[in-house]
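Notes for the one structure printed next.
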Amino acid sequence: MTTLTVEKQRKNIDLPIDTIRKLSILAAAYGESLKAFMENLLIAKASGVQVEISESPSPSGDEWYDDPENLLLLQEAEEEYRRGVRGKEYTIEELREMAGIK
């Protein structure tokens, strides 16, 4: 016989009284304790969620961040910023001119 062990963690949560009442009614309808009902409800909800962890620092998955040279530029800029090195500040007009926007 194989035994399956599931790692668990305790978490206290605060819910509005009205929510507890409604969940208690649902739990009774399913013949479960409130605690068991809430646990099963949350487990079922979490089972339907797919989580992907990307190593890219871009939240949108922008391919620019996949280029090691671009990441190096970002790291260098961050190091300069932390050391207090500041580059030239540009006005909106200068930025528009550089970008070719009129």
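Ordering of the structure tokens sets the chain letters (A, B, ...), residue numbers begin anew at 1 in every chain, and ligands are numbered from 1 in the order given.
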Query raised in the report: Which residues, written as a PyMOL selection string, have at least one atom at most 12 Å from Ala27 in chain A, with only C-alpha atoms counted and residues fewer than 4 positions away on the same chain left out?
Result: chain A and resi 20-23+31-41
Now that the selection is made, can you save its residues with C-alpha atoms as a JSON list (two decimals), in the first residue's frame?
```json
[["chain", "number", "residue", "atom", "x", "y", "z"],
["A", 20, "ILE", "CA", -19.23, 32.85, 7.03],
["A", 21, "ARG", "CA", -23.01, 32.42, 7.32],
["A", 22, "LYS", "CA", -23.41, 31.77, 3.60],
["A", 23, "LEU", "CA", -20.51, 29.31, 3.55],
["A", 31, "GLY", "CA", -22.93, 17.54, 4.61],
["A", 32, "GLU", "CA", -19.49, 18.93, 5.48],
["A", 33, "SER", "CA", -18.10, 20.97, 8.30],
["A", 34, "LEU", "CA", -17.47, 24.61, 7.50],
["A", 35, "LYS", "CA", -13.71, 24.09, 7.77],
["A", 36, "ALA", "CA", -13.69, 21.06, 5.43],
["A", 37, "PHE", "CA", -16.00, 22.84, 2.98],
["A", 38, "MET", "CA", -13.79, 25.93, 2.83],
["A", 39, "GLU", "CA", -10.64, 23.83, 2.43],
["A", 40, "ASN", "CA", -12.15, 21.78, -0.39],
["A", 41, "LEU", "CA", -13.50, 24.90, -2.09]]
```
Query raised in the report: Could you name the residues that touch range 48-58 of chain A at 12 Å or less, counting only C-alpha atoms, but leaving out those on the same chain fewer than 6 positions away, as a ChimeraX atom specification?
Result: /A:41-42,64-68,70-71,74-75
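The space separating CA of Leu73 in chain A from CA of Gly87 in chain A comes to 13.8 Å.
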Requested in this report: Can you work out the spacing between CA of Ile92 in chain A and CA of Glu79 in chain A in Å, to one decimal?
Outcome: 25.5 Å
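The gap separating CA of Glu89 in chain A from CA of Glu69 in chain A is 23.8 Å, in Å to one decimal.
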**Report entry** Which of chain A DSSP labels alpha helix (DSSP H), written as a VMD selection string
**Finding:** chain A and resid 17 to 29 34 to 47 68 to 83 92 to 99
